[in-house]
>>> print(open('target-v7.cif').read())   # mmCIF, C-alpha atoms and all ligand atoms
data_my_file
#
loop_
_atom_site.label_atom_id
_atom_site.label_comp_id
_atom_site.auth_asym_id
_atom_site.auth_seq_id
_atom_site.Cartn_x
_atom_site.Cartn_y
_atom_site.Cartn_z
CA MET A 1 -14.66 -40.19 25.96
CA PRO A 2 -16.53 -42.93 23.99
CA ARG A 3 -15.26 -43.42 20.47
CA ARG A 4 -18.46 -42.16 18.81
CA ASN A 5 -18.44 -38.95 20.87
CA LYS A 6 -14.79 -38.45 20.05
CA LEU A 7 -15.62 -38.66 16.35
CA LEU A 8 -18.53 -36.24 16.74
CA PHE A 9 -16.33 -33.86 18.67
CA GLY A 10 -13.73 -34.09 15.91
CA ILE A 11 -16.27 -33.29 13.19
CA ILE A 12 -17.66 -30.29 15.11
CA PHE A 13 -14.15 -28.98 15.74
CA PHE A 14 -13.31 -29.33 12.04
CA LEU A 15 -16.49 -27.49 11.00
CA LEU A 16 -15.67 -24.68 13.43
CA LEU A 17 -12.22 -24.37 11.88
CA ILE A 18 -13.46 -24.02 8.31
CA PRO A 19 -14.79 -20.44 8.47
CA SER A 20 -11.77 -19.12 10.35
CA ALA A 21 -9.33 -20.77 7.95
CA TYR A 22 -11.04 -20.11 4.63
CA ALA A 23 -13.53 -17.27 4.90
CA ARG A 24 -11.27 -14.45 5.99
CA ASP A 25 -11.21 -11.21 4.12
CA LEU A 26 -8.36 -9.23 2.72
CA ILE A 27 -8.71 -5.71 4.10
CA VAL A 28 -6.81 -2.83 2.53
CA SER A 29 -7.04 0.55 4.27
CA PHE A 30 -5.87 3.74 2.61
CA ILE A 31 -5.25 5.69 5.79
CA ASP A 32 -6.06 9.39 5.69
CA VAL A 33 -2.61 10.77 6.50
CA GLY A 34 -3.22 14.13 4.81
CA GLN A 35 -0.77 14.79 1.98
CA GLY A 36 1.01 11.44 1.68
CA ASP A 37 0.44 7.69 1.49
CA SER A 38 0.01 5.02 4.14
CA ILE A 39 -1.68 1.74 3.29
CA LEU A 40 -2.41 -1.08 5.72
CA VAL A 41 -2.89 -4.55 4.25
CA GLU A 42 -4.52 -7.12 6.54
CA ALA A 43 -3.97 -10.37 4.67
CA PRO A 44 -6.53 -13.23 4.90
CA ASP A 45 -3.95 -15.52 6.48
CA GLY A 46 -3.25 -13.07 9.29
CA LYS A 47 -0.18 -11.12 8.15
CA ASN A 48 -0.22 -7.35 8.61
CA ILE A 49 1.70 -5.23 6.14
CA LEU A 50 2.18 -1.47 6.26
CA ILE A 51 3.10 0.25 2.99
CA ASP A 52 4.48 3.76 3.72
CA GLY A 53 3.72 5.81 6.80
CA GLY A 54 2.73 9.27 5.59
CA GLY A 55 4.63 12.28 6.89
CA VAL A 56 5.28 15.97 6.50
CA PRO A 57 8.54 17.73 5.69
CA ALA A 58 10.33 19.02 8.80
CA TYR A 59 10.26 22.62 7.46
CA ARG A 60 6.48 22.67 7.87
CA LYS A 61 7.08 22.45 11.64
CA LEU A 62 3.74 20.78 12.37
CA SER A 63 2.96 20.40 16.05
CA TYR A 64 1.97 16.76 15.55
CA ARG A 65 3.54 13.68 13.98
CA ILE A 66 1.65 11.67 11.35
CA GLY A 67 3.20 8.36 12.46
CA ALA A 68 2.61 8.76 16.20
CA GLN A 69 -0.70 10.58 16.00
CA ILE A 70 -2.47 9.12 12.97
CA VAL A 71 -0.95 5.80 11.85
CA ASP A 72 -0.19 4.42 15.33
CA PRO A 73 -3.73 5.08 16.71
CA PHE A 74 -5.16 3.52 13.54
CA LEU A 75 -3.11 0.34 14.11
CA GLN A 76 -4.08 0.36 17.79
CA LYS A 77 -7.76 0.63 16.92
CA LYS A 78 -7.29 -2.44 14.72
CA LYS A 79 -5.61 -4.18 17.68
CA ILE A 80 -2.50 -4.78 15.61
CA LYS A 81 0.42 -5.63 17.87
CA LYS A 82 3.09 -6.43 15.27
CA LEU A 83 3.76 -5.81 11.61
CA ASP A 84 5.01 -8.70 9.52
CA ILE A 85 6.28 -6.43 6.76
CA VAL A 86 6.87 -2.69 6.46
CA ILE A 87 7.46 -1.34 2.95
CA LEU A 88 8.92 2.02 2.00
CA THR A 89 7.93 2.69 -1.63
CA HIS A 90 10.47 5.52 -1.98
CA GLY A 91 12.42 7.89 0.18
CA HIS A 92 10.19 10.97 0.17
CA THR A 93 8.96 12.51 3.39
CA ASP A 94 5.24 12.14 2.67
CA HIS A 95 5.72 8.34 2.60
CA MET A 96 8.68 7.89 4.91
CA ASP A 97 8.51 10.20 7.90
CA GLY A 98 5.61 8.44 9.66
CA LEU A 99 7.40 5.08 9.44
CA LEU A 100 10.01 6.26 11.95
CA ASP A 101 7.49 6.25 14.81
CA ILE A 102 6.03 2.93 13.68
CA LEU A 103 9.39 1.15 13.34
CA ALA A 104 10.29 2.34 16.82
CA ALA A 105 6.97 1.30 18.40
CA TYR A 106 6.09 -2.07 16.80
CA PRO A 107 7.85 -5.39 16.40
CA VAL A 108 8.49 -5.65 12.64
CA GLY A 109 9.39 -8.88 10.81
CA GLU A 110 10.86 -7.42 7.64
CA PHE A 111 11.56 -4.01 6.11
CA ILE A 112 11.40 -3.81 2.32
CA ASP A 113 13.17 -0.94 0.58
CA THR A 114 13.80 -0.05 -3.05
CA LEU A 115 16.73 2.28 -2.88
CA GLU A 116 19.61 0.18 -4.12
CA GLY A 117 22.17 1.99 -6.22
CA GLY A 118 20.49 4.99 -7.75
CA GLY A 119 18.56 6.05 -4.65
CA LYS A 120 21.13 8.41 -3.17
CA VAL A 121 18.73 9.37 -0.42
CA THR A 122 20.56 11.41 2.17
CA ASP A 123 17.58 12.82 4.07
CA ASP A 124 17.90 12.65 7.84
CA GLU A 125 14.63 10.71 8.06
CA TYR A 126 15.86 8.01 5.69
CA ILE A 127 19.15 7.61 7.54
CA LYS A 128 17.23 7.39 10.83
CA ILE A 129 14.93 4.74 9.35
CA LEU A 130 17.90 2.59 8.29
CA GLU A 131 19.50 3.07 11.73
CA THR A 132 16.27 2.00 13.43
CA VAL A 133 15.94 -1.08 11.17
CA LYS A 134 19.52 -2.04 12.06
CA ALA A 135 19.24 -1.28 15.78
CA ARG A 136 16.05 -3.33 16.09
CA ASN A 137 17.50 -6.24 14.10
CA ILE A 138 14.74 -6.06 11.51
CA LYS A 139 15.35 -8.18 8.42
CA TYR A 140 16.18 -5.83 5.52
CA ARG A 141 15.39 -6.55 1.91
CA LEU A 142 15.53 -4.67 -1.38
CA ALA A 143 12.84 -5.30 -3.95
CA SER A 144 12.52 -4.50 -7.64
CA VAL A 145 10.59 -5.51 -10.74
CA GLY A 146 9.90 -9.24 -11.02
CA ASP A 147 10.12 -9.94 -7.28
CA ILE A 148 7.41 -11.85 -5.47
CA LEU A 149 6.50 -10.79 -1.94
CA ASP A 150 5.10 -13.15 0.68
CA PHE A 151 1.89 -11.70 2.16
CA GLY A 152 0.65 -15.23 3.03
CA PRO A 153 -0.51 -18.18 0.92
CA SER A 154 -3.88 -16.70 -0.18
CA LEU A 155 -2.37 -13.69 -1.93
CA GLN A 156 -0.26 -13.30 -5.01
CA VAL A 157 1.96 -10.24 -4.65
CA ARG A 158 4.18 -9.03 -7.48
CA VAL A 159 6.55 -6.09 -7.70
CA LEU A 160 6.17 -4.22 -11.04
CA ASN A 161 8.56 -1.33 -10.32
CA PRO A 162 11.31 -0.06 -9.73
CA GLN A 163 13.00 -1.16 -12.93
CA LYS A 164 16.59 -2.43 -12.93
CA LYS A 165 17.63 0.66 -14.90
CA ARG A 166 16.97 3.78 -12.88
CA PHE A 167 14.91 6.75 -14.00
CA ASN A 168 16.26 10.21 -13.23
CA ASN A 169 13.13 11.20 -11.33
CA PRO A 170 13.10 9.34 -7.98
CA ASN A 171 9.28 9.18 -8.10
CA ASP A 172 9.59 6.91 -11.15
CA ASN A 173 11.77 4.54 -9.09
CA SER A 174 9.11 4.01 -6.43
CA MET A 175 7.74 0.56 -5.70
CA VAL A 176 4.63 -0.59 -7.52
CA ILE A 177 2.90 -3.63 -6.06
CA LYS A 178 0.07 -5.72 -7.43
CA ILE A 179 -1.86 -7.76 -4.87
CA THR A 180 -4.25 -10.41 -6.18
CA TYR A 181 -6.77 -12.29 -4.08
CA ASN A 182 -8.60 -14.64 -6.45
CA LYS A 183 -10.79 -12.37 -8.59
CA VAL A 184 -10.04 -9.10 -6.81
CA SER A 185 -6.79 -7.18 -7.25
CA PHE A 186 -5.14 -4.00 -6.08
CA LEU A 187 -2.56 -2.01 -8.02
CA LEU A 188 -0.61 0.28 -5.71
CA THR A 189 1.44 2.71 -7.79
CA ALA A 190 3.15 4.85 -5.11
CA ASP A 191 4.37 8.08 -6.80
CA ILE A 192 5.38 6.86 -10.26
CA GLY A 193 5.05 9.23 -13.19
CA GLN A 194 4.17 8.56 -16.80
CA ALA A 195 7.69 7.36 -17.73
CA ALA A 196 7.43 4.44 -15.27
CA GLU A 197 3.81 3.83 -16.25
CA ARG A 198 4.85 3.43 -19.89
CA LYS A 199 7.70 1.11 -18.89
CA ILE A 200 5.34 -1.07 -16.84
CA LEU A 201 2.90 -1.21 -19.75
CA SER A 202 5.58 -2.22 -22.25
CA ALA A 203 7.07 -4.83 -19.91
CA GLN A 204 3.64 -6.32 -19.20
CA LYS A 205 2.14 -6.59 -22.65
CA ASP A 206 -1.59 -7.07 -22.16
CA MET A 207 -1.53 -5.58 -18.67
CA GLU A 208 -4.31 -7.33 -16.83
CA GLN A 209 -7.10 -5.33 -15.33
CA SER A 210 -6.93 -4.40 -11.64
CA THR A 211 -10.06 -4.04 -9.55
CA ILE A 212 -8.76 -1.21 -7.36
CA LEU A 213 -6.11 1.32 -8.38
CA LYS A 214 -4.25 3.52 -5.91
CA VAL A 215 -3.74 6.47 -8.26
CA ALA A 216 -0.08 7.41 -8.59
CA HIS A 217 1.45 10.48 -6.94
CA HIS A 218 -1.63 11.79 -5.14
CA GLY A 219 -3.40 12.47 -8.44
CA SER A 220 -0.59 14.51 -10.01
CA ARG A 221 -1.11 15.51 -13.66
CA ASN A 222 2.33 13.98 -14.43
CA SER A 223 0.99 10.50 -13.66
CA SER A 224 -2.05 8.44 -14.70
CA CYS A 225 -1.71 8.76 -18.47
CA ALA A 226 -4.80 7.73 -20.45
CA SER A 227 -3.19 4.55 -21.84
CA PHE A 228 -2.25 3.36 -18.33
CA LEU A 229 -5.77 3.99 -17.02
CA ASN A 230 -7.31 2.25 -20.03
CA GLU A 231 -5.10 -0.83 -19.62
CA VAL A 232 -5.56 -1.13 -15.85
CA LYS A 233 -9.28 -0.35 -16.16
CA PRO A 234 -9.97 -0.30 -12.42
CA GLU A 235 -13.51 -0.43 -11.11
CA VAL A 236 -12.55 2.04 -8.37
CA ALA A 237 -9.63 4.46 -8.11
CA VAL A 238 -8.34 5.78 -4.79
CA ILE A 239 -6.51 9.10 -4.48
CA SER A 240 -4.56 9.71 -1.27
CA CYS A 241 -3.89 13.43 -0.67
CA GLY A 242 -4.32 16.22 1.87
CA ARG A 243 -7.04 18.83 2.13
CA ASN A 244 -6.02 22.09 0.39
CA ASN A 245 -2.50 20.76 -0.20
CA SER A 246 0.03 23.17 -1.69
CA PHE A 247 0.59 20.96 -4.77
CA GLY A 248 -3.03 21.29 -5.89
CA HIS A 249 -3.40 17.47 -5.84
CA PRO A 250 -5.41 15.90 -7.28
CA HIS A 251 -4.87 17.91 -10.46
CA PRO A 252 -8.03 18.57 -12.52
CA GLU A 253 -6.35 17.02 -15.61
CA THR A 254 -6.03 13.67 -13.77
CA LEU A 255 -9.65 13.77 -12.63
CA LYS A 256 -10.68 14.53 -16.21
CA ARG A 257 -8.69 11.51 -17.49
CA LEU A 258 -10.31 9.27 -14.88
CA LYS A 259 -13.76 10.54 -15.86
CA ARG A 260 -13.04 10.08 -19.54
CA ALA A 261 -11.96 6.48 -18.87
CA GLY A 262 -15.19 5.94 -16.92
CA ILE A 263 -13.38 5.23 -13.64
CA PRO A 264 -15.11 6.31 -10.41
CA TYR A 265 -12.71 7.68 -7.80
CA LEU A 266 -12.61 8.37 -4.08
CA ILE A 267 -10.32 10.95 -2.46
CA THR A 268 -9.05 10.63 1.12
CA ALA A 269 -9.11 14.43 1.49
CA LYS A 270 -12.89 14.29 1.08
CA LYS A 271 -13.84 10.84 2.33
CA GLY A 272 -11.19 10.20 5.03
CA THR A 273 -9.71 6.73 5.40
CA LEU A 274 -10.93 4.39 2.65
CA THR A 275 -11.22 0.69 3.42
CA VAL A 276 -11.71 -2.05 0.86
CA SER A 277 -12.68 -5.51 2.15
CA THR A 278 -12.82 -8.52 -0.12
CA ASP A 279 -13.32 -12.28 0.11
CA GLY A 280 -11.59 -12.63 -3.26
CA GLN A 281 -14.88 -12.72 -5.17
CA THR A 282 -16.63 -9.46 -4.40
CA TYR A 283 -15.53 -6.34 -2.54
CA HIS A 284 -16.93 -3.63 -0.36
CA VAL A 285 -15.63 -0.07 -0.06
CA GLN A 286 -16.13 1.83 3.15
CA THR A 287 -15.43 5.54 3.62
CA GLU A 288 -14.77 7.32 6.90
CA TYR A 289 -17.06 10.27 6.07
ZN ZN B 301 4.12 11.23 -2.35
#
>>> encode(input="target-v7.cif", output="structure tokens", more="lines below")
Ligand SMILES: [Zn+2]
Amino acid sequence: MPRRNKLLFGIIFFLLLIPSAYARDLIVSFIDVGQGDSILVEAPDGKNILIDGGGVPAYRKLSYRIGAQIVDPFLQKKKIKKLDIVILTHGHTDHMDGLLDILAAYPVGEFIDTLEGGGKVTDDEYIKILETVKARNIKYRLASVGDILDFGPSLQVRVLNPQKKRFNNPNDNSMVIKITYNKVSFLLTADIGQAAERKILSAQKDMEQSTILKVAHHGSRNSSCASFLNEVKPEVAVISCGRNNSFGHPHPETLKRLKRAGIPYLITAKKGTLTVSTDGQTYHVQTEY
């Protein structure tokens, strides 16, 4: 190839690379798993992270499995073949059970857990999850406040909870993650209650605003205190819960607090899976229904 053509070829190749390397979106999907949480993070640099897997308690004897019949098909539709990171925010069935099917079906790079010391989780599902992680040689890591997670170079990911000193309520020990992509950020609060919210606020004086808030504990009245909502000041709040769930989530008191703080909210029970795409400057929210 003549030198000039080679140079031209090189320039064209470089220009073709630019959009694929720099213009990719961060896509966060709040999967409609009924009463529970399951969040897929597709990072701009190509990593796929699954935070919780939904699930129902065994006593409900459902004829289908959330992991195999909801989360797995969702990942398949996205053509996801492997998960770089799987995170369990805390050891409750509505977050944990679905992960069993996923850990068994997908190659997973790393499993991040929070249950050191005070966890004392003895549920069969949790034990099976740890056995699966071990049997499949998945890297295992514990995370707590102050840790930084690696979702790829474009994202800043900080762990704001659990605290080093345990709360008595296991919900308050669940993992809170803040993902920042330039000007757009996501605060994922798992099932923390007001005690953990207050601790996070006091530890992070001048809590910065987050663009999107995953409302804690499916909209329970024991979470989302007014001061937390006013500090986080999200532009959109997402509530992940099941239709006609037995807990009455989201509680009217929480919805009232969100309204009073001027925060618009979307509920998976009404809108199905909620997907937020962002290039780090602006964002777009898509609902299933
Ligand atoms: Zn929950």
>>> closest_atom_pairs(input="target-v7.cif", of="chain A", to="ligand ZN 301 (chain B)", cutoff="10 Å", atoms="all atoms listed in the file", output="tab-separated table")
residue	atom	partner	partner_atom	distance
A:Gln35	CA	B:ZN301	ZN	7.4
A:Gly36	CA	B:ZN301	ZN	5.1
A:Asp37	CA	B:ZN301	ZN	6.4
A:Ser38	CA	B:ZN301	ZN	9.9
A:Asp52	CA	B:ZN301	ZN	9.6
A:Gly54	CA	B:ZN301	ZN	8.3
A:Gly55	CA	B:ZN301	ZN	9.3
A:Thr89	CA	B:ZN301	ZN	9.4
A:His90	CA	B:ZN301	ZN	8.5
A:Gly91	CA	B:ZN301	ZN	9.3
A:His92	CA	B:ZN301	ZN	6.6
A:Thr93	CA	B:ZN301	ZN	7.6
A:Asp94	CA	B:ZN301	ZN	5.2
A:His95	CA	B:ZN301	ZN	6.0
A:Met96	CA	B:ZN301	ZN	9.2
A:Asn171	CA	B:ZN301	ZN	8.0
A:Ser174	CA	B:ZN301	ZN	9.7
A:Ala190	CA	B:ZN301	ZN	7.0
A:Asp191	CA	B:ZN301	ZN	5.5
A:Ile192	CA	B:ZN301	ZN	9.1
A:Ala216	CA	B:ZN301	ZN	8.4
A:His217	CA	B:ZN301	ZN	5.4
A:His218	CA	B:ZN301	ZN	6.4
A:Gly219	CA	B:ZN301	ZN	9.8
A:Ser220	CA	B:ZN301	ZN	9.6
A:Ser240	CA	B:ZN301	ZN	8.9
A:Cys241	CA	B:ZN301	ZN	8.5
>>> atom_distance(input="target-v7.cif", atom1="CA of Ser277 (chain A)", atom2="CA of Leu26 (chain A)")
5.7 Å
>>> residues_around(input="target-v7.cif", residues="region 136-144 of chain A", least_positions_apart="5", cutoff="6 Å", atoms="only C-alpha atoms", output="NGL selection string")
:A and (110-114 or 161-162)
>>> write_last_selection(input="target-v7.cif", atoms="C-alpha atoms", output="PDB file, in the frame of the given file")
ATOM      1  CA  GLU A 110      10.860  -7.420   7.640  1.00  0.00           C
ATOM      2  CA  PHE A 111      11.560  -4.010   6.110  1.00  0.00           C
ATOM      3  CA  ILE A 112      11.400  -3.810   2.320  1.00  0.00           C
ATOM      4  CA  ASP A 113      13.170  -0.940   0.580  1.00  0.00           C
ATOM      5  CA  THR A 114      13.800  -0.050  -3.050  1.00  0.00           C
ATOM      6  CA  ASN A 161       8.560  -1.330 -10.320  1.00  0.00           C
ATOM      7  CA  PRO A 162      11.310  -0.060  -9.730  1.00  0.00           C
TER       8      PRO A 162
END
>>> closest_residue(input="target-v7.cif", among="A:Val33, A:Lys79, A:Val285, A:Leu50", to="Tyr64 (chain A)", atoms="only C-alpha atoms")
A:Val33
>>> atom_distance(input="target-v7.cif", atom1="CA of Phe186 (chain A)", atom2="CA of Glu125 (chain A)")
28.4 Å
>>> closest_residue(input="target-v7.cif", among="A:Leu187, A:Ala226, A:Val108, A:Val232", to="Lys205 (chain A)", atoms="only C-alpha atoms")
A:Val232
>>> residues_around(input="target-v7.cif", residues="Leu201 (chain A)", least_positions_apart="5", cutoff="10 Å", atoms="all atoms listed in the file", output="ChimeraX atom specification")
/A:160,196,206-208,227-228,231-232
>>> atom_distance(input="target-v7.cif", atom1="CA of Met175 (chain A)", atom2="CA of Lys81 (chain A)")
25.4 Å
